[in-house]
$ cat work30.csv   # CSV, C-alpha atoms and all ligand atoms
chain,number,residue,atom,x,y,z
A,1,MET,CA,120.8,18.7,81.8
A,2,SER,CA,120.2,17.3,85.3
A,3,GLU,CA,118.7,19.4,88.0
A,4,ILE,CA,122.0,19.5,89.9
A,5,GLN,CA,123.9,20.7,86.8
A,6,GLU,CA,121.3,23.4,86.2
A,7,THR,CA,121.5,24.7,89.8
A,8,LEU,CA,125.3,24.7,89.6
A,9,LEU,CA,125.2,26.7,86.4
A,10,GLN,CA,122.8,29.2,87.9
A,11,SER,CA,125.0,29.7,91.0
A,12,LEU,CA,128.0,30.1,88.8
A,13,GLU,CA,126.3,32.8,86.7
A,14,ALA,CA,125.1,34.5,89.9
A,15,PHE,CA,128.7,34.4,91.2
A,16,GLN,CA,130.1,35.9,88.0
A,17,THR,CA,127.6,38.7,88.1
A,18,THR,CA,128.4,39.5,91.7
A,19,GLN,CA,132.1,39.4,90.9
A,20,LEU,CA,131.5,41.8,88.0
A,21,VAL,CA,129.5,44.1,90.1
A,22,LYS,CA,132.1,43.9,92.9
A,23,ASN,CA,134.9,44.7,90.4
A,24,LYS,CA,132.9,47.6,89.2
A,25,TYR,CA,132.3,49.1,92.6
A,26,GLU,CA,135.9,48.5,93.6
A,27,ASN,CA,137.0,50.3,90.5
A,28,ILE,CA,134.8,53.2,91.3
A,29,LEU,CA,136.0,53.3,94.9
A,30,GLU,CA,139.6,53.1,93.8
A,31,HIS,CA,139.3,56.1,91.6
A,32,LEU,CA,137.1,58.3,93.7
A,33,ASP,CA,138.3,61.8,94.2
A,34,SER,CA,137.9,61.4,97.9
A,35,GLY,CA,140.5,59.4,99.8
A,36,VAL,CA,139.3,56.1,101.3
A,37,ILE,CA,141.0,53.7,103.7
A,38,LEU,CA,139.7,50.7,105.6
A,39,PHE,CA,141.1,49.0,108.7
A,40,ASP,CA,139.8,45.8,110.1
A,41,SER,CA,139.0,45.2,113.8
A,42,GLU,CA,142.6,44.2,114.4
A,43,GLY,CA,143.8,47.5,113.1
A,44,VAL,CA,145.2,46.0,109.8
A,45,LEU,CA,144.8,48.0,106.6
A,46,THR,CA,142.7,46.1,104.2
A,47,PHE,CA,141.9,48.6,101.5
A,48,ILE,CA,143.3,52.0,100.4
A,49,ASN,CA,142.3,53.9,97.2
A,50,VAL,CA,144.5,55.8,94.8
A,51,GLN,CA,143.6,59.3,96.2
A,52,MET,CA,144.3,58.3,99.8
A,53,ALA,CA,147.8,56.9,98.9
A,54,ARG,CA,148.5,60.1,97.0
A,55,LEU,CA,147.5,62.1,100.1
A,56,LEU,CA,149.8,60.1,102.3
A,57,GLU,CA,152.5,60.2,99.6
A,58,ILE,CA,153.2,56.5,100.0
A,59,SER,CA,152.6,53.7,97.5
A,60,ARG,CA,149.5,51.6,98.0
A,61,LYS,CA,151.5,48.4,97.7
A,62,SER,CA,153.8,49.2,100.6
A,63,LEU,CA,150.8,50.0,102.8
A,64,THR,CA,148.3,47.2,102.3
A,65,GLY,CA,148.5,44.6,105.1
A,66,LEU,CA,150.3,47.0,107.6
A,67,THR,CA,148.9,47.7,111.0
A,68,LEU,CA,148.4,51.3,112.1
A,69,LEU,CA,151.5,51.1,114.2
A,70,GLN,CA,153.5,49.9,111.3
A,71,ILE,CA,152.1,52.7,109.1
A,72,LEU,CA,153.1,55.3,111.8
A,73,ARG,CA,156.7,53.9,111.6
A,74,HIS,CA,156.7,53.9,107.8
A,75,PRO,CA,159.9,55.7,106.7
A,76,GLN,CA,158.1,57.7,103.9
A,77,LEU,CA,155.5,59.1,106.2
A,78,SER,CA,156.2,62.8,107.0
A,79,ARG,CA,156.3,63.9,110.6
A,80,TYR,CA,153.5,66.3,110.0
A,81,LYS,CA,151.2,63.5,108.8
A,82,LYS,CA,152.3,61.3,111.6
A,83,LYS,CA,151.2,63.9,114.1
A,84,LYS,CA,147.8,64.3,112.4
A,85,ILE,CA,147.2,60.6,112.2
A,86,LEU,CA,147.9,60.2,115.9
A,87,ARG,CA,145.6,63.0,116.7
A,88,ILE,CA,142.8,61.5,114.6
A,89,TYR,CA,143.4,58.1,116.2
A,90,ARG,CA,143.1,59.5,119.7
A,91,GLU,CA,140.0,61.5,119.0
A,92,THR,CA,138.3,58.7,117.3
A,93,ILE,CA,139.0,56.0,119.9
A,94,PHE,CA,138.9,58.1,123.1
A,95,HIS,CA,136.4,60.8,122.2
A,96,ARG,CA,134.4,58.9,119.7
A,97,LYS,CA,134.7,61.8,117.2
A,98,ARG,CA,133.5,61.0,113.8
A,99,TYR,CA,134.3,64.2,111.9
A,100,HIS,CA,137.7,65.8,111.8
A,101,GLU,CA,138.7,69.0,110.0
A,102,LEU,CA,142.3,69.0,108.9
A,103,SER,CA,144.6,71.3,107.0
A,104,ASP,CA,147.7,70.0,105.1
A,105,GLU,CA,151.2,71.4,104.7
A,106,THR,CA,150.0,73.5,101.8
A,107,GLY,CA,147.0,75.0,103.7
A,108,ARG,CA,144.3,73.1,101.9
A,109,GLN,CA,141.4,72.0,104.1
A,110,TRP,CA,140.1,68.5,104.4
A,111,LEU,CA,137.1,66.9,106.0
A,112,LEU,CA,137.7,63.4,107.4
A,113,THR,CA,134.7,61.1,108.2
A,114,VAL,CA,135.0,58.0,110.3
A,115,THR,CA,132.5,55.2,110.0
A,116,TYR,CA,132.5,52.2,112.3
A,117,GLY,CA,130.1,50.3,114.5
A,118,ASP,CA,127.4,47.7,113.8
A,119,GLN,CA,127.0,48.4,110.1
A,120,MET,CA,130.8,48.0,109.5
A,121,ASP,CA,131.3,44.5,111.1
A,122,GLY,CA,134.1,45.9,113.3
A,123,ASP,CA,135.9,47.6,110.4
A,124,PHE,CA,136.9,51.3,110.5
A,125,LEU,CA,136.3,53.2,107.3
A,126,PHE,CA,138.0,56.6,107.0
A,127,SER,CA,137.2,58.9,104.0
A,128,VAL,CA,138.7,62.3,103.3
A,129,LYS,CA,137.6,65.0,100.9
A,130,ASP,CA,139.0,68.3,99.9
A,131,VAL,CA,136.7,71.1,101.2
A,132,SER,CA,139.0,74.1,100.6
A,133,ASP,CA,136.8,75.6,97.9
A,134,PHE,CA,133.7,75.1,100.0
A,135,LYS,CA,135.4,76.7,103.0
A,136,GLN,CA,136.5,79.7,100.9
A,137,ILE,CA,133.0,80.2,99.6
A,138,GLU,CA,131.6,79.9,103.1
A,139,GLN,CA,134.0,82.4,104.4
A,140,THR,CA,133.4,84.9,101.6
A,141,ALA,CA,129.6,84.5,102.0
A,142,TYR,CA,129.9,85.1,105.7
A,143,ARG,CA,132.0,88.2,105.2
A,144,ASN,CA,129.7,89.6,102.5
A,145,ASP,CA,126.8,89.1,104.8
A,146,LYS,CA,128.4,90.9,107.6
A,147,LEU,CA,129.4,93.8,105.3
A,148,ALA,CA,125.9,94.1,103.9
A,149,MET,CA,124.5,94.3,107.4
A,150,LEU,CA,127.1,96.8,108.4
A,151,GLY,CA,126.2,98.9,105.4
A,152,LYS,CA,122.5,99.0,106.3
A,153,ILE,CA,123.1,99.9,109.9
A,154,SER,CA,125.8,102.5,109.2
A,155,ALA,CA,123.8,104.3,106.6
A,156,SER,CA,120.9,104.8,108.9
A,157,ILE,CA,122.8,106.1,112.0
A,158,ALA,CA,125.9,107.8,110.6
A,159,HIS,CA,124.2,110.9,109.5
A,160,GLU,CA,122.3,111.2,112.7
A,161,ILE,CA,125.5,111.2,114.7
A,162,ARG,CA,127.4,113.4,112.4
A,163,ASN,CA,125.1,116.3,112.6
A,164,PRO,CA,125.3,116.9,116.4
A,165,LEU,CA,129.0,116.3,116.3
A,166,THR,CA,129.4,119.1,113.8
A,167,ALA,CA,127.4,121.4,116.0
A,168,ILE,CA,129.5,120.4,119.1
A,169,ARG,CA,132.7,121.0,117.2
A,170,GLY,CA,131.6,124.5,116.2
A,171,PHE,CA,130.6,125.5,119.7
A,172,ILE,CA,133.9,124.2,121.2
A,173,GLN,CA,135.8,126.3,118.7
A,174,LEU,CA,133.7,129.4,119.7
A,175,LEU,CA,134.5,128.6,123.4
A,176,ARG,CA,138.2,128.0,122.8
A,177,PRO,CA,139.4,131.6,123.4
A,178,HIS,CA,137.6,131.6,126.7
A,179,LEU,CA,139.0,128.3,127.7
A,180,THR,CA,142.5,129.5,126.8
A,181,LYS,CA,142.1,132.5,129.0
A,182,LEU,CA,141.2,130.1,131.9
A,183,GLY,CA,144.3,128.1,131.1
A,184,LYS,CA,142.2,125.2,129.9
A,185,ASP,CA,143.1,125.1,126.2
A,186,GLU,CA,144.2,121.5,126.7
A,187,TYR,CA,140.5,120.6,127.3
A,188,ALA,CA,139.5,122.2,124.0
A,189,ARG,CA,142.3,120.4,122.2
A,190,ILE,CA,141.3,117.0,123.6
A,191,ILE,CA,137.6,117.5,122.8
A,192,LEU,CA,138.4,118.5,119.2
A,193,THR,CA,140.7,115.5,118.6
A,194,GLU,CA,138.2,113.2,120.0
A,195,ILE,CA,135.4,114.6,117.9
A,196,ASP,CA,137.7,114.3,114.9
A,197,ARG,CA,138.3,110.7,115.7
A,198,ALA,CA,134.6,110.0,116.0
A,199,ASN,CA,134.2,111.7,112.7
A,200,ASP,CA,136.9,109.6,111.1
A,201,ILE,CA,135.1,106.5,112.3
A,202,ILE,CA,131.8,107.7,110.8
A,203,TYR,CA,133.6,108.6,107.6
A,204,GLU,CA,134.9,105.1,107.2
A,205,PHE,CA,131.5,103.8,108.2
A,206,LEU,CA,129.8,105.8,105.5
A,207,ASN,CA,132.4,104.7,103.0
A,208,SER,CA,131.7,101.1,103.7
A,209,SER,CA,128.0,101.5,103.5
A,210,LYS,CA,127.9,103.3,100.1
A,211,PRO,CA,126.6,100.8,97.6
A,212,SER,CA,129.1,102.9,95.6
A,213,ALA,CA,129.3,101.9,92.0
A,214,PRO,CA,132.8,103.3,91.6
A,215,GLN,CA,133.3,106.6,89.6
A,216,THR,CA,135.9,105.2,87.3
A,217,THR,CA,138.7,106.8,85.3
A,218,VAL,CA,141.4,105.0,83.3
A,219,ILE,CA,144.8,105.7,84.9
A,220,PRO,CA,148.3,104.3,84.7
A,221,VAL,CA,149.0,102.3,87.9
A,222,SER,CA,152.3,104.0,88.3
A,223,SER,CA,151.0,107.5,88.5
A,224,LEU,CA,148.4,106.5,91.0
A,225,LEU,CA,151.0,104.8,93.2
A,226,LYS,CA,153.3,107.9,92.9
A,227,GLU,CA,150.6,110.1,94.3
A,228,VAL,CA,149.9,107.8,97.2
A,229,VAL,CA,153.5,107.5,98.1
A,230,LEU,CA,153.8,111.3,98.2
A,231,LEU,CA,150.9,111.4,100.6
A,232,THR,CA,152.6,109.0,103.0
A,233,GLU,CA,156.1,110.4,102.9
A,234,SER,CA,156.0,112.8,105.9
A,235,GLU,CA,154.3,110.3,108.1
A,236,ALA,CA,156.8,107.6,107.1
A,237,LEU,CA,159.7,110.0,108.0
A,238,MET,CA,158.1,110.6,111.4
A,239,ASN,CA,157.9,106.8,111.9
A,240,GLY,CA,161.5,106.3,110.8
A,241,CYS,CA,160.6,104.1,107.9
A,242,GLU,CA,161.0,104.4,104.1
A,243,VAL,CA,158.4,103.8,101.5
A,244,VAL,CA,160.0,102.5,98.3
A,245,LEU,CA,158.1,102.5,95.0
A,246,LEU,CA,159.6,100.0,92.5
A,247,ASP,CA,158.5,101.0,89.0
A,248,GLU,CA,157.2,98.5,86.5
A,249,SER,CA,158.8,98.4,83.1
A,250,THR,CA,155.7,98.6,80.9
A,251,PRO,CA,152.9,101.0,81.8
A,252,LEU,CA,149.7,99.3,82.9
A,253,HIS,CA,146.4,100.9,83.0
A,254,ILE,CA,143.5,100.3,85.3
A,255,SER,CA,139.9,101.7,85.4
A,256,VAL,CA,139.2,102.7,88.9
A,257,ASP,CA,137.7,105.2,91.3
A,258,VAL,CA,140.9,106.9,92.1
A,259,LYS,CA,139.8,108.3,95.4
A,260,GLN,CA,138.7,104.9,96.6
A,261,ILE,CA,141.7,103.0,95.4
A,262,LYS,CA,144.0,105.6,97.0
A,263,GLN,CA,142.1,105.1,100.2
A,264,VAL,CA,142.7,101.3,100.0
A,265,ILE,CA,146.4,101.7,99.4
A,266,LEU,CA,146.7,104.3,102.2
A,267,ASN,CA,144.9,102.0,104.6
A,268,ILE,CA,147.4,99.2,103.8
A,269,ILE,CA,150.4,101.5,104.1
A,270,LYS,CA,149.1,103.0,107.3
A,271,ASN,CA,148.7,99.4,108.8
A,272,ALA,CA,152.2,98.6,107.6
A,273,MET,CA,153.6,101.7,109.4
A,274,ASP,CA,151.8,100.6,112.6
A,275,ALA,CA,153.2,97.1,112.3
A,276,ILE,CA,156.7,98.5,111.8
A,277,ALA,CA,156.3,100.9,114.8
A,278,ASP,CA,155.4,97.9,116.9
A,279,GLN,CA,158.8,96.4,116.1
A,280,GLY,CA,160.5,99.1,118.2
A,281,HIS,CA,162.7,102.1,117.5
A,282,GLU,CA,165.9,100.4,116.5
A,283,HIS,CA,164.1,98.6,113.7
A,284,THR,CA,164.5,100.1,110.3
A,285,GLY,CA,161.2,100.0,108.6
A,286,ARG,CA,160.8,99.4,104.9
A,287,ILE,CA,157.6,99.4,102.9
A,288,GLU,CA,158.0,98.2,99.3
A,289,ILE,CA,155.4,98.8,96.6
A,290,ARG,CA,155.7,96.8,93.4
A,291,THR,CA,153.4,96.1,90.5
A,292,ARG,CA,153.3,92.9,88.5
A,293,LYS,CA,151.3,91.8,85.5
A,294,ASP,CA,149.5,88.6,86.0
A,295,HIS,CA,147.4,87.5,83.0
A,296,LYS,CA,144.5,90.0,82.8
A,297,ASN,CA,145.2,91.5,86.2
A,298,VAL,CA,147.7,93.9,87.6
A,299,ASN,CA,149.0,92.9,91.1
A,300,ILE,CA,149.9,95.8,93.4
A,301,CYS,CA,152.1,94.2,96.1
A,302,ILE,CA,152.7,96.2,99.3
A,303,SER,CA,155.1,94.5,101.7
A,304,ASP,CA,156.5,95.6,105.0
A,305,ASN,CA,159.0,94.3,107.5
A,306,GLY,CA,156.8,94.9,110.5
A,307,LYS,CA,155.7,92.6,113.2
A,308,GLY,CA,153.6,90.3,111.0
A,309,MET,CA,150.4,88.4,112.0
A,310,ASP,CA,149.5,85.1,113.5
A,311,HIS,CA,146.9,83.0,111.9
A,312,ILE,CA,144.1,84.1,114.2
A,313,THR,CA,144.6,87.7,113.2
A,314,LEU,CA,144.9,86.6,109.5
A,315,SER,CA,141.6,84.8,109.6
A,316,HIS,CA,139.7,87.9,111.0
A,317,LEU,CA,141.6,90.5,109.1
A,318,PHE,CA,138.8,91.7,106.9
A,319,ASP,CA,136.0,91.5,109.5
A,320,PRO,CA,134.4,94.8,110.3
A,321,PHE,CA,135.6,96.1,113.7
A,322,PHE,CA,138.4,93.5,114.0
A,323,THR,CA,141.4,95.3,115.4
A,324,THR,CA,144.4,94.5,117.6
A,325,LYS,CA,145.2,98.2,118.2
A,326,GLU,CA,144.2,100.2,121.3
A,327,THR,CA,142.9,103.1,119.2
A,328,GLY,CA,142.0,101.1,116.0
A,329,THR,CA,138.6,101.1,114.4
A,330,GLY,CA,139.0,97.8,112.7
A,331,LEU,CA,137.3,99.2,109.6
A,332,GLY,CA,140.3,100.0,107.3
A,333,LEU,CA,140.6,96.6,105.8
A,334,SER,CA,137.0,95.6,105.7
A,335,VAL,CA,136.3,98.8,103.8
A,336,SER,CA,139.2,98.2,101.5
A,337,TYR,CA,138.0,94.6,100.8
A,338,ARG,CA,134.6,96.0,99.8
A,339,ILE,CA,136.1,98.7,97.6
A,340,ILE,CA,138.3,96.2,95.7
A,341,LYS,CA,135.4,93.8,95.4
A,342,ASN,CA,133.3,96.6,93.8
A,343,HIS,CA,136.1,97.0,91.3
A,344,ARG,CA,135.9,93.3,90.4
A,345,GLY,CA,139.3,92.7,92.0
A,346,TYR,CA,140.5,90.9,95.1
A,347,ILE,CA,143.0,91.3,98.0
A,348,SER,CA,145.2,88.5,99.3
A,349,VAL,CA,147.6,88.5,102.2
A,350,ASP,CA,150.7,86.6,103.2
A,351,SER,CA,152.3,87.2,106.6
A,352,LYS,CA,154.9,85.8,109.0
A,353,VAL,CA,155.1,86.7,112.7
A,354,GLY,CA,158.2,88.7,113.3
A,355,LYS,CA,159.1,88.9,109.6
A,356,GLY,CA,156.5,91.0,107.9
A,357,THR,CA,153.5,91.1,105.7
A,358,GLU,CA,152.6,91.4,102.0
A,359,PHE,CA,149.2,92.5,100.7
A,360,VAL,CA,148.5,92.0,97.1
A,361,ILE,CA,145.7,93.9,95.4
A,362,SER,CA,144.6,92.5,92.0
A,363,LEU,CA,142.7,94.6,89.6
A,364,PRO,CA,141.7,94.0,86.0
A,365,ILE,CA,144.0,95.6,83.4
A,366,VAL,CA,142.5,97.9,80.8
A,367,GLU,CA,144.1,97.1,77.4
A,368,MET,CA,145.1,100.4,75.7
A,369,SER,CA,144.9,100.1,72.0
A,401,LIG,N1,150.7,95.1,107.6
A,401,LIG,C1,150.2,94.5,108.8
A,401,LIG,N2,151.0,93.9,109.7
A,401,LIG,C2,150.6,93.4,110.8
A,401,LIG,N3,149.2,93.4,111.2
A,401,LIG,C3,148.4,94.0,110.3
A,401,LIG,C4,148.8,94.6,109.1
A,401,LIG,N4,147.7,95.0,108.4
A,401,LIG,C5,146.7,94.8,109.2
A,401,LIG,N5,147.0,94.1,110.4
A,401,LIG,C6,146.1,93.7,111.4
A,401,LIG,O1,144.8,93.7,111.0
A,401,LIG,C7,144.0,94.5,111.9
A,401,LIG,C8,142.9,95.2,111.2
A,401,LIG,O2,143.3,96.2,110.4
A,401,LIG,P1,142.4,97.4,110.0
A,401,LIG,O3,141.1,96.8,109.4
A,401,LIG,O4,143.1,98.3,109.1
A,401,LIG,O5,142.0,98.0,111.3
A,401,LIG,P2,142.9,98.9,112.3
A,401,LIG,O6,144.1,99.4,111.6
A,401,LIG,O7,142.0,100.0,112.7
A,401,LIG,O8,143.2,98.0,113.5
A,401,LIG,C9,145.0,95.4,112.6
A,401,LIG,O9,144.5,95.7,113.9
A,401,LIG,C10,146.2,94.5,112.7
A,401,LIG,O10,146.2,93.6,113.8
A,402,MG,MG,144.0,100.2,109.7

$ encode --input "work30.csv" --output "structure tokens"
Amino acid sequence: MSEIQETLLQSLEAFQTTQLVKNKYENILEHLDSGVILFDSEGVLTFINVQMARLLEISRKSLTGLTLLQILRHPQLSRYKKKKILRIYRETIFHRKRYHELSDETGRQWLLTVTYGDQMDGDFLFSVKDVSDFKQIEQTAYRNDKLAMLGKISASIAHEIRNPLTAIRGFIQLLRPHLTKLGKDEYARIILTEIDRANDIIYEFLNSSKPSAPQTTVIPVSSLLKEVVLLTESEALMNGCEVVLLDESTPLHISVDVKQIKQVILNIIKNAMDAIADQGHEHTGRIEIRTRKDHKNVNICISDNGKGMDHITLSHLFDPFFTTKETGTGLGLSVSYRIIKNHRGYISVDSKVGKGTEFVISLPIVEMS
């Protein structure tokens, strides 16, 4: 073999190997679970992988070779996505932003990273990955952290405040007849209600701070719910709303600390009544309580037709001290969250402004043999 032939053969082999490697990498890129899309310096799409096409809900074939402008005019591109793409474009070009957090129509969260500059030869590479689970874990961790801290602080100060309050309450009661004589009974009444309010806050505080392994008993869900509804009836009447308990067909049992779970349901019903009251007097309030079996859990659904919540309220709902009410403590739901978590259950919420809210408490079912 001549020298030339040998060199040719070598370069051919080298070429084949690069081609193989290239195919391999392209293949990997194509089937990555992150979405990848590449534009050249003229704004023409030169590469898009399977996942990205799936996210855009447009076939890869009909996208390759299009410019960004043409993609924006693509008949299959939803308005929602069009808006998002325009926003990303603006922020990338004008504000040089390289990371974008996005949520899609179904509420999943995505992180989009833009790479461009010297290392990219004028190309723009966009990659998106689903970070919903991560976000969820982050949020839960943050919430648990806050609750643990709240627990420590409250345990140490609650008792210290409660004792003097009890003493004050006692003395005011002793003074009450004298105040009445002076025509100042109103003062005594105000002092007493304010002390009771302070005590309520401390009570909720203490409850949230207890490391409380729940004192569990096995009980049918329906009887627990019946008792709770009885407790709320008079207040519901006063607020001009009805509390309706829809019975399940088969009896389901749960193993719970009855007092604690009652407190959770009462908290949620009480919030529902407040949300209904905010809708005005003409509005007929209705709170519905249903139970549903769901695999190994029982779901207790509590829905109201009150004022509902916007997404800012929704995202802070379980934070200690978060309240939108003038006289709220913001502890009801954070305590409830903790109680349900201690029972190895979870709470979820769905709400629409002006329409209403549904809380779902899921607790493990106890199989009765
Ligand atoms: N059913 C509901 N409808 C509308 N908003 C609600 C509902 N439940 C809770 N919220 C909102 O969540 C906030 C926190 O509730 P919670 O922890 O019980 O504290 P509080 O009732 O003392 O404000 C409330 O202030 C309210 O804005
Ligand atoms: Mg409340």

$ closest_residue --input "work30.csv" --among "A:Leu86, A:Leu314, A:Ile254, A:Leu246" --to "Glu288 of chain A" --atoms "all atoms listed in the file"
A:Leu246

$ closest_atom_pairs --input "work30.csv" --of "chain A" --to "ligand LIG 401 (chain A)" --cutoff "6 Å" --atoms "all atoms listed in the file" --output "JSON lines"
{"residue": "A:Asn271", "atom": "CA", "partner": "A:LIG401", "partner_atom": "N4", "distance": 4.5}
{"residue": "A:Ala272", "atom": "CA", "partner": "A:LIG401", "partner_atom": "N1", "distance": 3.8}
{"residue": "A:Ala275", "atom": "CA", "partner": "A:LIG401", "partner_atom": "N2", "distance": 4.7}
{"residue": "A:Gly306", "atom": "CA", "partner": "A:LIG401", "partner_atom": "N2", "distance": 5.9}
{"residue": "A:Lys307", "atom": "CA", "partner": "A:LIG401", "partner_atom": "C2", "distance": 5.7}
{"residue": "A:Gly308", "atom": "CA", "partner": "A:LIG401", "partner_atom": "C2", "distance": 4.3}
{"residue": "A:Met309", "atom": "CA", "partner": "A:LIG401", "partner_atom": "C2", "distance": 5.1}
{"residue": "A:Leu317", "atom": "CA", "partner": "A:LIG401", "partner_atom": "O1", "distance": 4.9}
{"residue": "A:Phe322", "atom": "CA", "partner": "A:LIG401", "partner_atom": "C8", "distance": 5.6}
{"residue": "A:Thr323", "atom": "CA", "partner": "A:LIG401", "partner_atom": "O9", "distance": 3.5}
{"residue": "A:Thr324", "atom": "CA", "partner": "A:LIG401", "partner_atom": "O9", "distance": 3.9}
{"residue": "A:Lys325", "atom": "CA", "partner": "A:LIG401", "partner_atom": "O9", "distance": 5.0}
{"residue": "A:Gly328", "atom": "CA", "partner": "A:LIG401", "partner_atom": "O7", "distance": 3.5}
{"residue": "A:Thr329", "atom": "CA", "partner": "A:LIG401", "partner_atom": "O7", "distance": 4.0}
{"residue": "A:Gly330", "atom": "CA", "partner": "A:LIG401", "partner_atom": "O5", "distance": 3.3}
{"residue": "A:Leu331", "atom": "CA", "partner": "A:LIG401", "partner_atom": "O3", "distance": 4.5}
{"residue": "A:Gly332", "atom": "CA", "partner": "A:LIG401", "partner_atom": "O4", "distance": 3.7}
{"residue": "A:Leu333", "atom": "CA", "partner": "A:LIG401", "partner_atom": "O3", "distance": 3.6}
{"residue": "A:Ser334", "atom": "CA", "partner": "A:LIG401", "partner_atom": "O3", "distance": 5.7}
{"residue": "A:Thr357", "atom": "CA", "partner": "A:LIG401", "partner_atom": "N1", "distance": 5.2}

$ closest_atom_pairs --input "work30.csv" --of "segment 210-325 of chain A" --to "segment 128-148 of chain A" --cutoff "10 Å" --atoms "only C-alpha atoms" --output "Markdown table"
| residue | atom | partner | partner_atom | distance |
| --- | --- | --- | --- | --- |
| A:Pro211 | CA | A:Ala148 | CA | 9.2 |
| A:Ser315 | CA | A:Gln139 | CA | 9.5 |
| A:His316 | CA | A:Arg143 | CA | 9.6 |
| A:Phe318 | CA | A:Arg143 | CA | 7.8 |
| A:Asp319 | CA | A:Arg143 | CA | 6.7 |
| A:Pro320 | CA | A:Leu147 | CA | 7.1 |

$ residues_around --input "work30.csv" --residues "Thr113 of chain A" --least-positions-apart "5" --cutoff "6 Å" --atoms "all atoms listed in the file" --output "number ranges by chain"
A: 98-99, 126-127

$ residues_around --input "work30.csv" --residues "Val218 of chain A" --least-positions-apart "2" --cutoff "7 Å" --atoms "all atoms listed in the file" --output "mmCIF file with C-alpha atoms, keeping the file's coordinate frame"
data_model
loop_
_atom_site.group_PDB
_atom_site.id
_atom_site.type_symbol
_atom_site.label_atom_id
_atom_site.label_comp_id
_atom_site.auth_asym_id
_atom_site.auth_seq_id
_atom_site.Cartn_x
_atom_site.Cartn_y
_atom_site.Cartn_z
ATOM 1 C CA THR A 216 135.900 105.200 87.300
ATOM 2 C CA HIS A 253 146.400 100.900 83.000
ATOM 3 C CA ILE A 254 143.500 100.300 85.300
ATOM 4 C CA SER A 255 139.900 101.700 85.400
ATOM 5 C CA VAL A 256 139.200 102.700 88.900
#

$ build_atoms --input "work30.csv" --residues "segment 236-240 of chain A" --atoms "all heavy atoms" --output "mmCIF file, in the frame of the given file"
data_model
loop_
_atom_site.group_PDB
_atom_site.id
_atom_site.type_symbol
_atom_site.label_atom_id
_atom_site.label_comp_id
_atom_site.auth_asym_id
_atom_site.auth_seq_id
_atom_site.Cartn_x
_atom_site.Cartn_y
_atom_site.Cartn_z
ATOM 1 N N ALA A 236 155.797 108.675 107.066
ATOM 2 C CA ALA A 236 156.800 107.600 107.100
ATOM 3 C C ALA A 236 158.083 108.136 107.744
ATOM 4 O O ALA A 236 158.688 107.449 108.571
ATOM 5 C CB ALA A 236 157.101 107.173 105.645
ATOM 6 N N LEU A 237 158.460 109.369 107.398
ATOM 7 C CA LEU A 237 159.700 110.000 108.000
ATOM 8 C C LEU A 237 159.532 110.036 109.504
ATOM 9 O O LEU A 237 160.452 109.674 110.230
ATOM 10 C CB LEU A 237 159.829 111.379 107.439
ATOM 11 C CG LEU A 237 160.983 111.533 106.441
ATOM 12 C CD1 LEU A 237 160.802 112.799 105.623
ATOM 13 C CD2 LEU A 237 162.301 111.516 107.178
ATOM 14 N N MET A 238 158.348 110.460 109.946
ATOM 15 C CA MET A 238 158.100 110.600 111.400
ATOM 16 C C MET A 238 158.241 109.216 112.070
ATOM 17 O O MET A 238 158.703 109.115 113.189
ATOM 18 C CB MET A 238 156.725 111.137 111.635
ATOM 19 C CG MET A 238 156.777 112.621 111.837
ATOM 20 S SD MET A 238 155.223 113.412 112.215
ATOM 21 C CE MET A 238 153.995 112.170 112.224
ATOM 22 N N ASN A 239 157.798 108.174 111.361
ATOM 23 C CA ASN A 239 157.900 106.800 111.900
ATOM 24 C C ASN A 239 159.201 106.156 111.715
ATOM 25 O O ASN A 239 159.378 104.995 112.067
ATOM 26 C CB ASN A 239 156.772 105.953 111.306
ATOM 27 C CG ASN A 239 155.415 106.237 111.894
ATOM 28 O OD1 ASN A 239 155.290 106.338 113.109
ATOM 29 N ND2 ASN A 239 154.423 106.391 111.044
ATOM 30 N N GLY A 240 160.120 106.879 111.075
ATOM 31 C CA GLY A 240 161.500 106.300 110.800
ATOM 32 C C GLY A 240 161.424 105.135 109.885
ATOM 33 O O GLY A 240 162.159 104.178 110.074
#
